[in-house]
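Everything on this sheet refers to the single structure shown next.
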Amino acid sequence: MEVSLMGNSQANVVKTGLPYRDSRVCCSYKNKIDDKVLFVNRVSFLGQNRSANLRKAQLRFCTKASVQSQPLPSDRDSGPLSSARPKSLDAVRLFVGLPLDTVSDANTVNHAKAIAAGLKALKLLGVEGVELPVWWGVAEKEAMGKYNWSGYLAVAEMVEKIGLKLHVSLCFHALKQPKIPLPDWVSQIGESQSSIFYTDQSGQQFKGCLSLAVDDLPVLHGKTPIQVYQEFCESFKSSFKPFMGTTITGISMGLGPDGELRYPSHHRLAKSSKIPGVGEFQCCDRNMLNLLQQHAEANGNPLWGLRGPHDAPSYDESPNSNSFFKDNGGSWESPYGDFFLSWYSSQLISHGNCLLSLASSTFGETGVSIYGKIPLIHSWYKTRSHPSELTAGFYNTAKRDGYAAVAEMFAKNSCKMILPGMDLSDEHQPRESFSSPESLLAQIRTACNKHGVEVSGQNSSVTGAPGGFEQMKKNLFGENVVDLFTYQRMGAYFFSPEHFPSFTKFVRNLNQLELHGDDLPVEEEVTESVHTNANMNIQVQAA
């Protein structure tokens with residue numbers, strides 16, 4: 001099967017034939033997409049090894065002067081697109097992440113035509129749905145309680161018309177690239193109340209999300225962050241009511257930096273270093289220190305509450321550069337170390353419990369599944385102290401399971417867990433980092449199995465880890481069941497010839513696709529109206 005989308009000033013109508021089986025799709029962008037691109041004006045399906053018994057399916061795409069996209073038929077309809085969709089043999093549900101800046105800070109849809117054509121390509125490929133990041137700093141940008149969902153509603157309508165499902169990620173954090181800040185009014189509060197942000201031992205602040213220590217403090221114009229998050233979720237539920245449980249099938253609740261349940265312990269790591277450091281504890285803002293002091297006094301050791309560990313390394317240093325994380329005789333094994341690490345991790349779990357409880361109570365009657373994401377912090381996993389996990393808030397060491405309590409918290413709130421890094425393998429990690437993503441992933445999945453928590457997967461990056469597709473298949477086809485897998489993320493590279501052929505092969509293997517003669521439609525035509533840009537070239541071909 002070959003699909004070719006090429007820039008041309010003239011409209012083309014091409015009749016297509018669908019191959020009998022073993023089809024794949026590959027797509028290539030010649031130039032970076034911008035907000036004026038993505039237009040389809042020629043699609044041709046060609047097949048090899050055609051059988052004499054093959055009945056040809058006919059599709060027709062043409063261009064007109066304006067975009068007049070029509071809704072595609074649902075799976076229950078008898079239209080040619082739905083009837084040509086191959087059957088899946090109890091396969092993993094596959095989603096693809098939309099660009100992080102799908103909706104701009106002005107609440108318009110970035111690259112709208114490009115995204116619309118990308119959605120069509122995913123639908124033809126057999127992908128079940130897409131994931132949409134919904135940003136606090138976009139929807140509630142100007143003032144507390146003033147919501148603008150117009151851009152996100154437009155995307156939901158696009159997805160529904162194409163016939164895909166939608167997984168929404170509620171993002172209460174900021175992003176550097178692309179630049180997506182916190183709401184303007186929150187940043188203004190932070191200028192005068194810097195203690196609402198995380199602070200490390202040198203006084204450096206992380207302003208990418210609010211500190212969990214202010215969850216229940218009225219620091220946002222008299223309201224607590226939990227109250228503000230609750231109202232945000234209620235507004236979202238009300239505004240997207242027509243889509244809930246039908247088009248929108250899942251909602252991920254943002255839990256911290258990058259949406260993950262963790263402290264921002266690695267936000268100042270040197271990007272040029274191949275061997276990541278251990279990170280730093282984030283407990284030196286006034287509100288975190290107040291909580292630590294209270295805990296220390298309650299345990300009869302008030303001096304332990306004055307600050308975090310004094311002998312812990314800084315961001316880019318190795319575990320043995322100071323005494324806290326040393327494998328033998330490190331402070332992490334001392335009574336003080338256990339006291340601090342127990343408190344530090346328990347604060348994170350309490351924060352996650354509060355937010356997932358909020359999400360479950362808000363969306364529990366809407367027919368959607370609730371998810372939360374935890375990180376896969378695999379550097380230094382083969383050491384006894386697991387320092388990178390400790391600074392991120394997971395009290396997991398060679399002699400202590402730090403993920404059992406996390407899985408129990410997810411189970412308590414009837415939430416599913418998203419695990420990233422399913423494309424990472426041990427053999428491609430630097431030996432000096434003592435890393436083991438495979439062992440860590442297995443440990444977390446074991447904890448989830450024990451507590452009955454369903455697991456969903458993600459890859460680490462669209463640029464691809466070495467052997468990533470094979471590793472993903474290994475993780476998804478193993479004994480442990482994965483609820484769904486979200487491939488991150490759509491963009492120019494995603495559709496490039498260097499990447500898209502591998503992705504389509506992965507999709508075919510994932511869904512165990514097999515076309516039979518009865519699955520093929522009789523000769524029919526579908527007319528789509530789209531524009532085209534001479535600088536874009538997409539090819540979809542079949543073997």
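We name chains A, B, ... following the order of the structure tokens; residues begin at 1 in each chain, and ligands are numbered from 1 as shown.
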List as a list in words the protein and nucleic acid residues near stretch 180-195 of chain A, meaning an atom at most 8 Å away when only C-alpha atoms are counted, but skip any in the same chain fewer than 2 places from it. Asp101, Asp105, Trp135, Trp136, Gly137, Val138, Glu140, Lys141, Glu142, Ala143, Met144, Phe172, His173, Ala174, Leu175, Lys176, Gln177, Pro178, Phe197, Tyr198, Thr199, Gly208, Cys209, Leu220, Asp285, Arg286 and Asn287 of chain A
Can you pull out the residues contacting A:Leu98? Cut-off 6 Å, using only C-alpha atoms, and skip same-chain residues under 5 positions away; I want them as number ranges by chain. A: 131-132, 489-490
Would you mind listing what lies within 6 Å of stretch 308-324 of chain A as a PyMOL selection string, with only C-alpha atoms counted and same-chain residues fewer than 6 positions away left out? chain A and resi 269+277-280+330-332
Written selection (N, CA and C atoms) as an mmCIF file, in the first residue's frame:
```
data_model
loop_
_atom_site.group_PDB
_atom_site.id
_atom_site.type_symbol
_atom_site.label_atom_id
_atom_site.label_comp_id
_atom_site.auth_asym_id
_atom_site.auth_seq_id
_atom_site.Cartn_x
_atom_site.Cartn_y
_atom_site.Cartn_z
ATOM 1 N N LEU A 269 20.519 19.023 35.879
ATOM 2 C CA LEU A 269 21.586 18.141 35.410
ATOM 3 C C LEU A 269 22.187 18.677 34.112
ATOM 4 N N GLY A 277 24.092 12.588 36.981
ATOM 5 C CA GLY A 277 24.389 12.613 38.404
ATOM 6 C C GLY A 277 23.204 12.102 39.202
ATOM 7 N N VAL A 278 23.323 12.186 40.513
ATOM 8 C CA VAL A 278 22.291 11.611 41.378
ATOM 9 C C VAL A 278 21.122 12.557 41.618
ATOM 10 N N GLY A 279 21.277 13.832 41.239
ATOM 11 C CA GLY A 279 20.227 14.794 41.523
ATOM 12 C C GLY A 279 20.340 15.350 42.926
ATOM 13 N N GLU A 280 19.382 16.185 43.309
ATOM 14 C CA GLU A 280 19.380 16.784 44.650
ATOM 15 C C GLU A 280 18.002 16.703 45.290
ATOM 16 N N GLY A 330 27.172 4.385 53.947
ATOM 17 C CA GLY A 330 26.532 5.654 53.609
ATOM 18 C C GLY A 330 25.480 6.052 54.631
ATOM 19 N N SER A 331 25.249 7.363 54.744
ATOM 20 C CA SER A 331 24.285 7.865 55.732
ATOM 21 C C SER A 331 22.862 7.401 55.457
ATOM 22 N N TRP A 332 22.587 7.001 54.227
ATOM 23 C CA TRP A 332 21.229 6.552 53.904
ATOM 24 C C TRP A 332 20.814 5.340 54.724
#
```
Run DSSP on the backbone and give me the residues of stretch 180-328 of chain A it puts in alpha helix (DSSP H), as a ChimeraX atom specification. /A:184-192,225-239,286-298
Write to file, as a PDB file, in the first residue's frame, the residues of the selection just made, with C-alpha atoms.
```
ATOM      1  CA  ASP A 184       0.258  34.317  34.428  1.00  0.00           C
ATOM      2  CA  TRP A 185      -1.509  34.963  37.718  1.00  0.00           C
ATOM      3  CA  VAL A 186       0.303  32.056  39.416  1.00  0.00           C
ATOM      4  CA  SER A 187       3.687  33.335  38.226  1.00  0.00           C
ATOM      5  CA  GLN A 188       2.815  36.773  39.588  1.00  0.00           C
ATOM      6  CA  ILE A 189       2.052  35.270  42.989  1.00  0.00           C
ATOM      7  CA  GLY A 190       5.371  33.419  42.858  1.00  0.00           C
ATOM      8  CA  GLU A 191       7.263  36.670  42.395  1.00  0.00           C
ATOM      9  CA  SER A 192       6.215  37.800  45.870  1.00  0.00           C
ATOM     10  CA  PRO A 225      -3.731  24.628  45.040  1.00  0.00           C
ATOM     11  CA  ILE A 226      -5.883  21.543  45.624  1.00  0.00           C
ATOM     12  CA  GLN A 227      -9.006  23.708  45.501  1.00  0.00           C
ATOM     13  CA  VAL A 228      -7.798  25.378  42.305  1.00  0.00           C
ATOM     14  CA  TYR A 229      -7.000  22.014  40.690  1.00  0.00           C
ATOM     15  CA  GLN A 230     -10.455  20.756  41.725  1.00  0.00           C
ATOM     16  CA  GLU A 231     -12.205  23.727  40.115  1.00  0.00           C
ATOM     17  CA  PHE A 232     -10.095  23.308  36.979  1.00  0.00           C
ATOM     18  CA  CYS A 233     -11.148  19.666  36.707  1.00  0.00           C
ATOM     19  CA  GLU A 234     -14.808  20.503  37.333  1.00  0.00           C
ATOM     20  CA  SER A 235     -14.744  23.138  34.605  1.00  0.00           C
ATOM     21  CA  PHE A 236     -13.101  20.687  32.213  1.00  0.00           C
ATOM     22  CA  LYS A 237     -15.703  18.018  32.977  1.00  0.00           C
ATOM     23  CA  SER A 238     -18.560  20.437  32.382  1.00  0.00           C
ATOM     24  CA  SER A 239     -17.120  21.879  29.157  1.00  0.00           C
ATOM     25  CA  ARG A 286      10.143  27.326  53.839  1.00  0.00           C
ATOM     26  CA  ASN A 287       7.024  25.197  53.665  1.00  0.00           C
ATOM     27  CA  MET A 288       8.871  21.905  53.149  1.00  0.00           C
ATOM     28  CA  LEU A 289      11.188  22.722  56.040  1.00  0.00           C
ATOM     29  CA  ASN A 290       8.174  23.456  58.248  1.00  0.00           C
ATOM     30  CA  LEU A 291       6.793  19.998  57.478  1.00  0.00           C
ATOM     31  CA  LEU A 292      10.179  18.405  58.125  1.00  0.00           C
ATOM     32  CA  GLN A 293      10.523  20.236  61.443  1.00  0.00           C
ATOM     33  CA  GLN A 294       7.090  19.077  62.584  1.00  0.00           C
ATOM     34  CA  HIS A 295       7.924  15.494  61.678  1.00  0.00           C
ATOM     35  CA  ALA A 296      11.261  15.641  63.489  1.00  0.00           C
ATOM     36  CA  GLU A 297       9.717  17.049  66.655  1.00  0.00           C
ATOM     37  CA  ALA A 298       6.977  14.406  66.576  1.00  0.00           C
TER      38      ALA A 298
END
```
Please report, as a list in words, each residue of stretch 328-386 of chain A to which DSSP assigns strand (DSSP E) when run on this structure's backbone.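 Restricting stretch 328-386 of chain A to strand (DSSP E) produces Ser369, Ile370, Tyr371, Gly372 and Lys373 of chain A.
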Can you write just those residues out, N, CA and C atoms, as a short mmCIF file (atom, residue, chain, number, x, y, z; two decimals), in the first residue's frame?
```cif
data_model
loop_
_atom_site.label_atom_id
_atom_site.label_comp_id
_atom_site.auth_asym_id
_atom_site.auth_seq_id
_atom_site.Cartn_x
_atom_site.Cartn_y
_atom_site.Cartn_z
N SER A 369 -11.45 6.34 32.26
CA SER A 369 -10.48 5.76 33.18
C SER A 369 -9.52 6.85 33.64
N ILE A 370 -9.06 6.75 34.89
CA ILE A 370 -8.16 7.75 35.46
C ILE A 370 -6.76 7.16 35.56
N TYR A 371 -5.78 7.96 35.16
CA TYR A 371 -4.39 7.53 35.13
C TYR A 371 -3.50 8.52 35.89
N GLY A 372 -2.40 8.01 36.37
CA GLY A 372 -1.33 8.82 36.90
C GLY A 372 -0.01 8.28 36.39
N LYS A 373 0.98 9.13 36.28
CA LYS A 373 2.26 8.72 35.69
C LYS A 373 3.37 8.80 36.72
#
```
Between atom CA of A:Gly203 and atom CA of A:Pro387, measure the distance and give it in Å to one decimal. 20.7 Å
Counting only C-alpha atoms, the residue of A:Val368, A:Phe339, A:Leu419, A:Val96 that sits nearest A:Pro302: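 That would be A:Phe339, the residue with the smallest distance to A:Pro302.
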So, with only C-alpha atoms as the atoms that count, which of A:Gly337, A:Thr249, A:Gly259, A:Phe469 lies closest to A:Leu210?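 With only C-alpha atoms as the atom set, the closest residue is A:Gly259.
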Which residue, A:Lys474, A:Lys123, A:Lys416, A:His378, has the smallest gap to A:Phe95 when you use only C-alpha atoms?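 Looking only at the distances to A:Phe95, the closest residue turns out to be A:Lys123.
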Can you tell me which residues surround stretch 453-466 of chain A at a distance of at most 7 Å, considering only C-alpha atoms, apart from same-chain residues fewer than 4 positions away, and format the answer as an mmCIF file with all heavy atoms, in the first residue's frame?
```
data_model
loop_
_atom_site.group_PDB
_atom_site.id
_atom_site.type_symbol
_atom_site.label_atom_id
_atom_site.label_comp_id
_atom_site.auth_asym_id
_atom_site.auth_seq_id
_atom_site.Cartn_x
_atom_site.Cartn_y
_atom_site.Cartn_z
ATOM 1 N N ALA A 407 2.113 1.748 44.448
ATOM 2 C CA ALA A 407 1.089 0.935 43.795
ATOM 3 C C ALA A 407 -0.155 0.815 44.668
ATOM 4 O O ALA A 407 -1.291 0.855 44.170
ATOM 5 C CB ALA A 407 1.653 -0.450 43.478
ATOM 6 N N PHE A 410 -2.209 3.927 44.242
ATOM 7 C CA PHE A 410 -2.953 3.921 42.982
ATOM 8 C C PHE A 410 -4.180 3.009 43.100
ATOM 9 O O PHE A 410 -5.270 3.358 42.629
ATOM 10 C CB PHE A 410 -2.056 3.455 41.836
ATOM 11 C CG PHE A 410 -1.295 4.556 41.158
ATOM 12 C CD1 PHE A 410 -0.209 5.160 41.781
ATOM 13 C CD2 PHE A 410 -1.656 4.999 39.898
ATOM 14 C CE1 PHE A 410 0.510 6.167 41.168
ATOM 15 C CE2 PHE A 410 -0.955 6.014 39.267
ATOM 16 C CZ PHE A 410 0.129 6.612 39.894
ATOM 17 N N ALA A 411 -3.984 1.841 43.697
ATOM 18 C CA ALA A 411 -5.095 0.896 43.849
ATOM 19 C C ALA A 411 -6.199 1.488 44.711
ATOM 20 O O ALA A 411 -7.392 1.314 44.420
ATOM 21 C CB ALA A 411 -4.582 -0.408 44.458
ATOM 22 N N LYS A 416 -5.138 3.840 37.113
ATOM 23 C CA LYS A 416 -4.162 3.081 36.351
ATOM 24 C C LYS A 416 -2.837 3.834 36.317
ATOM 25 O O LYS A 416 -2.816 5.060 36.416
ATOM 26 C CB LYS A 416 -4.680 2.846 34.931
ATOM 27 C CG LYS A 416 -6.001 2.082 34.917
ATOM 28 C CD LYS A 416 -6.536 1.892 33.511
ATOM 29 C CE LYS A 416 -7.876 1.156 33.533
ATOM 30 N NZ LYS A 416 -8.412 0.920 32.166
ATOM 31 N N MET A 417 -1.748 3.097 36.184
ATOM 32 C CA MET A 417 -0.414 3.689 36.255
ATOM 33 C C MET A 417 0.245 3.729 34.882
ATOM 34 O O MET A 417 0.292 2.715 34.180
ATOM 35 C CB MET A 417 0.470 2.913 37.234
ATOM 36 C CG MET A 417 1.864 3.521 37.431
ATOM 37 S SD MET A 417 2.922 2.516 38.516
ATOM 38 C CE MET A 417 2.081 2.685 40.099
ATOM 39 N N ILE A 418 0.754 4.889 34.505
ATOM 40 C CA ILE A 418 1.496 5.045 33.264
ATOM 41 C C ILE A 418 2.981 4.939 33.564
ATOM 42 O O ILE A 418 3.510 5.656 34.412
ATOM 43 C CB ILE A 418 1.205 6.402 32.601
ATOM 44 C CG1 ILE A 418 -0.279 6.516 32.253
ATOM 45 C CG2 ILE A 418 2.065 6.596 31.355
ATOM 46 C CD1 ILE A 418 -0.678 7.884 31.731
ATOM 47 N N LEU A 419 3.656 4.031 32.845
ATOM 48 C CA LEU A 419 5.095 3.849 32.994
ATOM 49 C C LEU A 419 5.792 4.206 31.689
ATOM 50 O O LEU A 419 5.531 3.600 30.651
ATOM 51 C CB LEU A 419 5.421 2.398 33.347
ATOM 52 C CG LEU A 419 4.983 1.918 34.731
ATOM 53 C CD1 LEU A 419 5.294 0.434 34.896
ATOM 54 C CD2 LEU A 419 5.651 2.722 35.820
ATOM 55 N N PRO A 420 6.687 5.198 31.704
ATOM 56 C CA PRO A 420 7.446 5.544 30.499
ATOM 57 C C PRO A 420 8.666 4.632 30.356
ATOM 58 O O PRO A 420 8.909 3.764 31.195
ATOM 59 C CB PRO A 420 7.872 6.985 30.771
ATOM 60 C CG PRO A 420 8.045 7.034 32.262
ATOM 61 C CD PRO A 420 6.999 6.098 32.827
ATOM 62 N N GLY A 421 9.412 4.835 29.289
ATOM 63 C CA GLY A 421 10.683 4.131 29.134
ATOM 64 C C GLY A 421 10.579 2.687 28.711
ATOM 65 O O GLY A 421 11.526 1.910 28.912
ATOM 66 N N MET A 422 9.464 2.284 28.104
ATOM 67 C CA MET A 422 9.335 0.889 27.681
ATOM 68 C C MET A 422 10.149 0.578 26.434
ATOM 69 O O MET A 422 10.143 -0.560 25.955
ATOM 70 C CB MET A 422 7.867 0.540 27.475
ATOM 71 C CG MET A 422 7.098 0.402 28.770
ATOM 72 S SD MET A 422 5.551 -0.506 28.573
ATOM 73 C CE MET A 422 5.066 -0.732 30.302
ATOM 74 N N ASP A 423 10.827 1.573 25.906
ATOM 75 C CA ASP A 423 11.728 1.363 24.769
ATOM 76 C C ASP A 423 13.181 1.235 25.201
ATOM 77 O O ASP A 423 14.071 1.081 24.357
ATOM 78 C CB ASP A 423 11.592 2.515 23.772
ATOM 79 C CG ASP A 423 11.824 3.875 24.424
ATOM 80 O OD1 ASP A 423 11.618 4.002 25.643
ATOM 81 O OD2 ASP A 423 12.205 4.819 23.703
ATOM 82 N N LEU A 424 13.445 1.290 26.501
ATOM 83 C CA LEU A 424 14.817 1.284 27.010
ATOM 84 C C LEU A 424 15.263 -0.123 27.408
ATOM 85 O O LEU A 424 14.518 -0.861 28.058
ATOM 86 C CB LEU A 424 14.934 2.215 28.220
ATOM 87 C CG LEU A 424 14.553 3.685 27.977
ATOM 88 C CD1 LEU A 424 14.640 4.467 29.280
ATOM 89 C CD2 LEU A 424 15.435 4.304 26.911
ATOM 90 N N HIS A 428 21.920 -0.994 26.210
ATOM 91 C CA HIS A 428 22.269 0.273 25.576
ATOM 92 C C HIS A 428 22.499 1.400 26.582
ATOM 93 O O HIS A 428 22.555 2.572 26.206
ATOM 94 C CB HIS A 428 21.174 0.681 24.583
ATOM 95 C CG HIS A 428 21.085 -0.237 23.395
ATOM 96 N ND1 HIS A 428 20.047 -1.130 23.219
ATOM 97 C CD2 HIS A 428 21.920 -0.416 22.342
ATOM 98 C CE1 HIS A 428 20.242 -1.814 22.104
ATOM 99 N NE2 HIS A 428 21.362 -1.404 21.556
ATOM 100 N N CYS A 448 2.653 -3.452 40.928
ATOM 101 C CA CYS A 448 1.316 -3.185 40.393
ATOM 102 C C CYS A 448 0.493 -4.460 40.319
ATOM 103 O O CYS A 448 -0.702 -4.467 40.652
ATOM 104 C CB CYS A 448 1.428 -2.529 39.018
ATOM 105 S SG CYS A 448 2.008 -0.817 39.061
ATOM 106 N N ASN A 449 1.109 -5.547 39.890
ATOM 107 C CA ASN A 449 0.398 -6.827 39.823
ATOM 108 C C ASN A 449 -0.088 -7.261 41.198
ATOM 109 O O ASN A 449 -1.213 -7.750 41.358
ATOM 110 C CB ASN A 449 1.304 -7.908 39.240
ATOM 111 C CG ASN A 449 1.532 -7.733 37.745
ATOM 112 O OD1 ASN A 449 0.764 -7.057 37.062
ATOM 113 N ND2 ASN A 449 2.589 -8.346 37.234
ATOM 114 N N VAL A 482 -0.572 -5.002 29.462
ATOM 115 C CA VAL A 482 -0.529 -3.544 29.403
ATOM 116 C C VAL A 482 -1.889 -3.044 28.948
ATOM 117 O O VAL A 482 -2.434 -3.505 27.938
ATOM 118 C CB VAL A 482 0.572 -3.055 28.435
ATOM 119 C CG1 VAL A 482 0.496 -1.555 28.240
ATOM 120 C CG2 VAL A 482 1.943 -3.437 28.970
ATOM 121 N N ASP A 483 -2.452 -2.114 29.686
ATOM 122 C CA ASP A 483 -3.783 -1.576 29.389
ATOM 123 C C ASP A 483 -3.796 -0.876 28.041
ATOM 124 O O ASP A 483 -4.623 -1.152 27.187
ATOM 125 C CB ASP A 483 -4.200 -0.622 30.507
ATOM 126 C CG ASP A 483 -5.488 0.119 30.192
ATOM 127 O OD1 ASP A 483 -6.491 -0.553 29.924
ATOM 128 O OD2 ASP A 483 -5.483 1.363 30.189
ATOM 129 N N LEU A 484 -2.896 0.063 27.849
ATOM 130 C CA LEU A 484 -2.730 0.734 26.562
ATOM 131 C C LEU A 484 -1.306 1.226 26.449
ATOM 132 O O LEU A 484 -0.574 1.307 27.440
ATOM 133 C CB LEU A 484 -3.741 1.878 26.369
ATOM 134 C CG LEU A 484 -3.660 3.135 27.250
ATOM 135 C CD1 LEU A 484 -2.646 4.134 26.717
ATOM 136 C CD2 LEU A 484 -5.019 3.811 27.304
ATOM 137 N N PHE A 485 -0.907 1.566 25.225
ATOM 138 C CA PHE A 485 0.428 2.094 24.999
ATOM 139 C C PHE A 485 0.307 3.400 24.229
ATOM 140 O O PHE A 485 -0.366 3.460 23.197
ATOM 141 C CB PHE A 485 1.293 1.107 24.224
ATOM 142 C CG PHE A 485 2.724 1.559 24.068
ATOM 143 C CD1 PHE A 485 3.640 1.341 25.088
ATOM 144 C CD2 PHE A 485 3.141 2.233 22.930
ATOM 145 C CE1 PHE A 485 4.952 1.769 24.958
ATOM 146 C CE2 PHE A 485 4.448 2.672 22.798
ATOM 147 C CZ PHE A 485 5.358 2.438 23.812
ATOM 148 N N THR A 486 0.940 4.457 24.734
ATOM 149 C CA THR A 486 0.918 5.761 24.075
ATOM 150 C C THR A 486 2.289 6.059 23.515
ATOM 151 O O THR A 486 3.266 6.172 24.273
ATOM 152 C CB THR A 486 0.498 6.874 25.048
ATOM 153 O OG1 THR A 486 -0.771 6.553 25.614
ATOM 154 C CG2 THR A 486 0.396 8.213 24.318
ATOM 155 N N TYR A 487 2.356 6.168 22.209
ATOM 156 C CA TYR A 487 3.629 6.453 21.552
ATOM 157 C C TYR A 487 3.819 7.966 21.469
ATOM 158 O O TYR A 487 2.992 8.685 20.923
ATOM 159 C CB TYR A 487 3.649 5.838 20.149
ATOM 160 C CG TYR A 487 5.018 5.885 19.516
ATOM 161 C CD1 TYR A 487 5.946 4.874 19.757
ATOM 162 C CD2 TYR A 487 5.405 6.949 18.708
ATOM 163 C CE1 TYR A 487 7.211 4.914 19.194
ATOM 164 C CE2 TYR A 487 6.661 6.998 18.146
ATOM 165 C CZ TYR A 487 7.561 5.986 18.391
ATOM 166 O OH TYR A 487 8.817 6.040 17.840
ATOM 167 N N GLN A 488 4.945 8.441 22.025
ATOM 168 C CA GLN A 488 5.235 9.878 22.063
ATOM 169 C C GLN A 488 6.305 10.232 21.043
ATOM 170 O O GLN A 488 7.361 9.646 21.058
ATOM 171 C CB GLN A 488 5.703 10.285 23.474
ATOM 172 C CG GLN A 488 4.732 9.944 24.578
ATOM 173 C CD GLN A 488 3.461 10.767 24.540
ATOM 174 O OE1 GLN A 488 3.241 11.536 23.601
ATOM 175 N NE2 GLN A 488 2.611 10.604 25.538
ATOM 176 N N ARG A 489 6.111 11.224 20.172
ATOM 177 C CA ARG A 489 4.907 11.987 20.014
ATOM 178 C C ARG A 489 4.848 12.509 18.604
ATOM 179 O O ARG A 489 5.867 12.606 17.926
ATOM 180 C CB ARG A 489 4.936 13.087 21.089
ATOM 181 C CG ARG A 489 4.125 14.270 20.957
ATOM 182 C CD ARG A 489 4.263 15.180 22.168
ATOM 183 N NE ARG A 489 4.203 14.633 23.500
ATOM 184 C CZ ARG A 489 3.097 14.409 24.188
ATOM 185 N NH1 ARG A 489 1.928 14.693 23.627
ATOM 186 N NH2 ARG A 489 3.154 13.890 25.377
ATOM 187 N N PHE A 494 8.316 12.478 13.496
ATOM 188 C CA PHE A 494 7.433 11.310 13.573
ATOM 189 C C PHE A 494 7.056 10.823 12.179
ATOM 190 O O PHE A 494 7.031 9.622 11.910
ATOM 191 C CB PHE A 494 6.178 11.670 14.369
ATOM 192 C CG PHE A 494 5.165 10.560 14.477
ATOM 193 C CD1 PHE A 494 5.269 9.592 15.456
ATOM 194 C CD2 PHE A 494 4.097 10.490 13.589
ATOM 195 C CE1 PHE A 494 4.342 8.565 15.556
ATOM 196 C CE2 PHE A 494 3.163 9.474 13.677
ATOM 197 C CZ PHE A 494 3.281 8.516 14.663
#
```
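Atom to atom, atom CA of A:Gln204 and atom CA of A:Ile374 stand 24.1 Å apart.
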Polymer residues at most 8 Å from A:Ala156, only C-alpha atoms, same-chain spacing of 3 or more positions, as a PyMOL selection string: chain A and resi 152-153+159-160+166+243+247
Write the selection just made, keeping all heavy atoms, as a compact mmCIF listing (two decimals), in the first residue's frame?
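Below is the file out-v5.txt, written as the result:
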```txt
# COMPACT_ATOMS: atom_id res chain seq x y z
N TYR A 152 -8.93 23.55 22.88
CA TYR A 152 -8.98 22.13 23.21
C TYR A 152 -10.29 21.50 22.73
O TYR A 152 -10.32 20.34 22.30
CB TYR A 152 -8.79 21.93 24.71
CG TYR A 152 -7.42 22.35 25.18
CD1 TYR A 152 -7.24 23.44 26.02
CD2 TYR A 152 -6.29 21.66 24.76
CE1 TYR A 152 -5.98 23.83 26.44
CE2 TYR A 152 -5.02 22.04 25.17
CZ TYR A 152 -4.87 23.13 26.01
OH TYR A 152 -3.61 23.52 26.41
N LEU A 153 -11.38 22.26 22.81
CA LEU A 153 -12.65 21.75 22.28
C LEU A 153 -12.56 21.54 20.77
O LEU A 153 -13.11 20.56 20.24
CB LEU A 153 -13.78 22.73 22.61
CG LEU A 153 -14.27 22.72 24.07
CD1 LEU A 153 -15.15 23.92 24.34
CD2 LEU A 153 -15.03 21.43 24.37
N VAL A 159 -10.85 15.19 16.50
CA VAL A 159 -10.61 13.78 16.80
C VAL A 159 -11.89 12.98 16.65
O VAL A 159 -11.90 11.87 16.09
CB VAL A 159 -10.02 13.64 18.22
CG1 VAL A 159 -9.93 12.17 18.63
CG2 VAL A 159 -8.64 14.29 18.29
N GLU A 160 -12.99 13.52 17.15
CA GLU A 160 -14.27 12.82 17.06
C GLU A 160 -14.70 12.62 15.61
O GLU A 160 -15.18 11.53 15.24
CB GLU A 160 -15.34 13.62 17.81
CG GLU A 160 -16.70 12.94 17.85
CD GLU A 160 -17.73 13.77 18.60
OE1 GLU A 160 -17.95 14.94 18.21
OE2 GLU A 160 -18.31 13.25 19.57
N LEU A 166 -9.79 9.73 22.39
CA LEU A 166 -8.95 10.81 22.93
C LEU A 166 -8.61 10.52 24.39
O LEU A 166 -9.49 10.25 25.21
CB LEU A 166 -9.67 12.15 22.82
CG LEU A 166 -8.91 13.41 23.24
CD1 LEU A 166 -7.68 13.61 22.36
CD2 LEU A 166 -9.80 14.64 23.16
N PHE A 243 -18.22 14.82 25.18
CA PHE A 243 -17.17 13.90 24.73
C PHE A 243 -16.81 12.83 25.76
O PHE A 243 -16.17 11.83 25.43
CB PHE A 243 -15.89 14.67 24.38
CG PHE A 243 -16.08 15.74 23.34
CD1 PHE A 243 -16.26 17.06 23.71
CD2 PHE A 243 -16.08 15.43 21.98
CE1 PHE A 243 -16.43 18.05 22.76
CE2 PHE A 243 -16.24 16.41 21.02
CZ PHE A 243 -16.42 17.73 21.41
N THR A 247 -15.83 9.87 23.11
CA THR A 247 -14.55 10.20 22.47
C THR A 247 -13.42 10.19 23.49
O THR A 247 -12.37 9.61 23.27
CB THR A 247 -14.64 11.58 21.79
OG1 THR A 247 -15.64 11.54 20.77
CG2 THR A 247 -13.31 11.95 21.16
```
How far is it from atom CA of A:Gly254 to atom CA of A:Leu355, in Å with one decimal?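 Interatomic distance, atom CA of A:Gly254 to atom CA of A:Leu355: 8.1 Å.
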Please provide as an NGL selection string all residues within 6 Å of A:Phe434, with the sequence filter that same-chain residues fewer than 3 positions apart are discarded (counting only C-alpha atoms). :A and (380 or 382 or 431)
I want to know what sits within 9 Å of A:Leu440, based on only C-alpha atoms, with residues of the same chain fewer than 5 positions away left out; could you give that as a PyMOL selection string? chain A and resi 376-378+381+445
Prev. selection, C-alpha atoms, output as an mmCIF file, in the first residue's frame:
```cif
data_model
loop_
_atom_site.group_PDB
_atom_site.id
_atom_site.type_symbol
_atom_site.label_atom_id
_atom_site.label_comp_id
_atom_site.auth_asym_id
_atom_site.auth_seq_id
_atom_site.Cartn_x
_atom_site.Cartn_y
_atom_site.Cartn_z
ATOM 1 C CA LEU A 376 11.386 5.398 35.342
ATOM 2 C CA ILE A 377 14.506 6.725 37.076
ATOM 3 C CA HIS A 378 16.876 3.926 36.216
ATOM 4 C CA TYR A 381 19.743 1.277 39.944
ATOM 5 C CA ARG A 445 5.149 -3.950 37.373
#
```
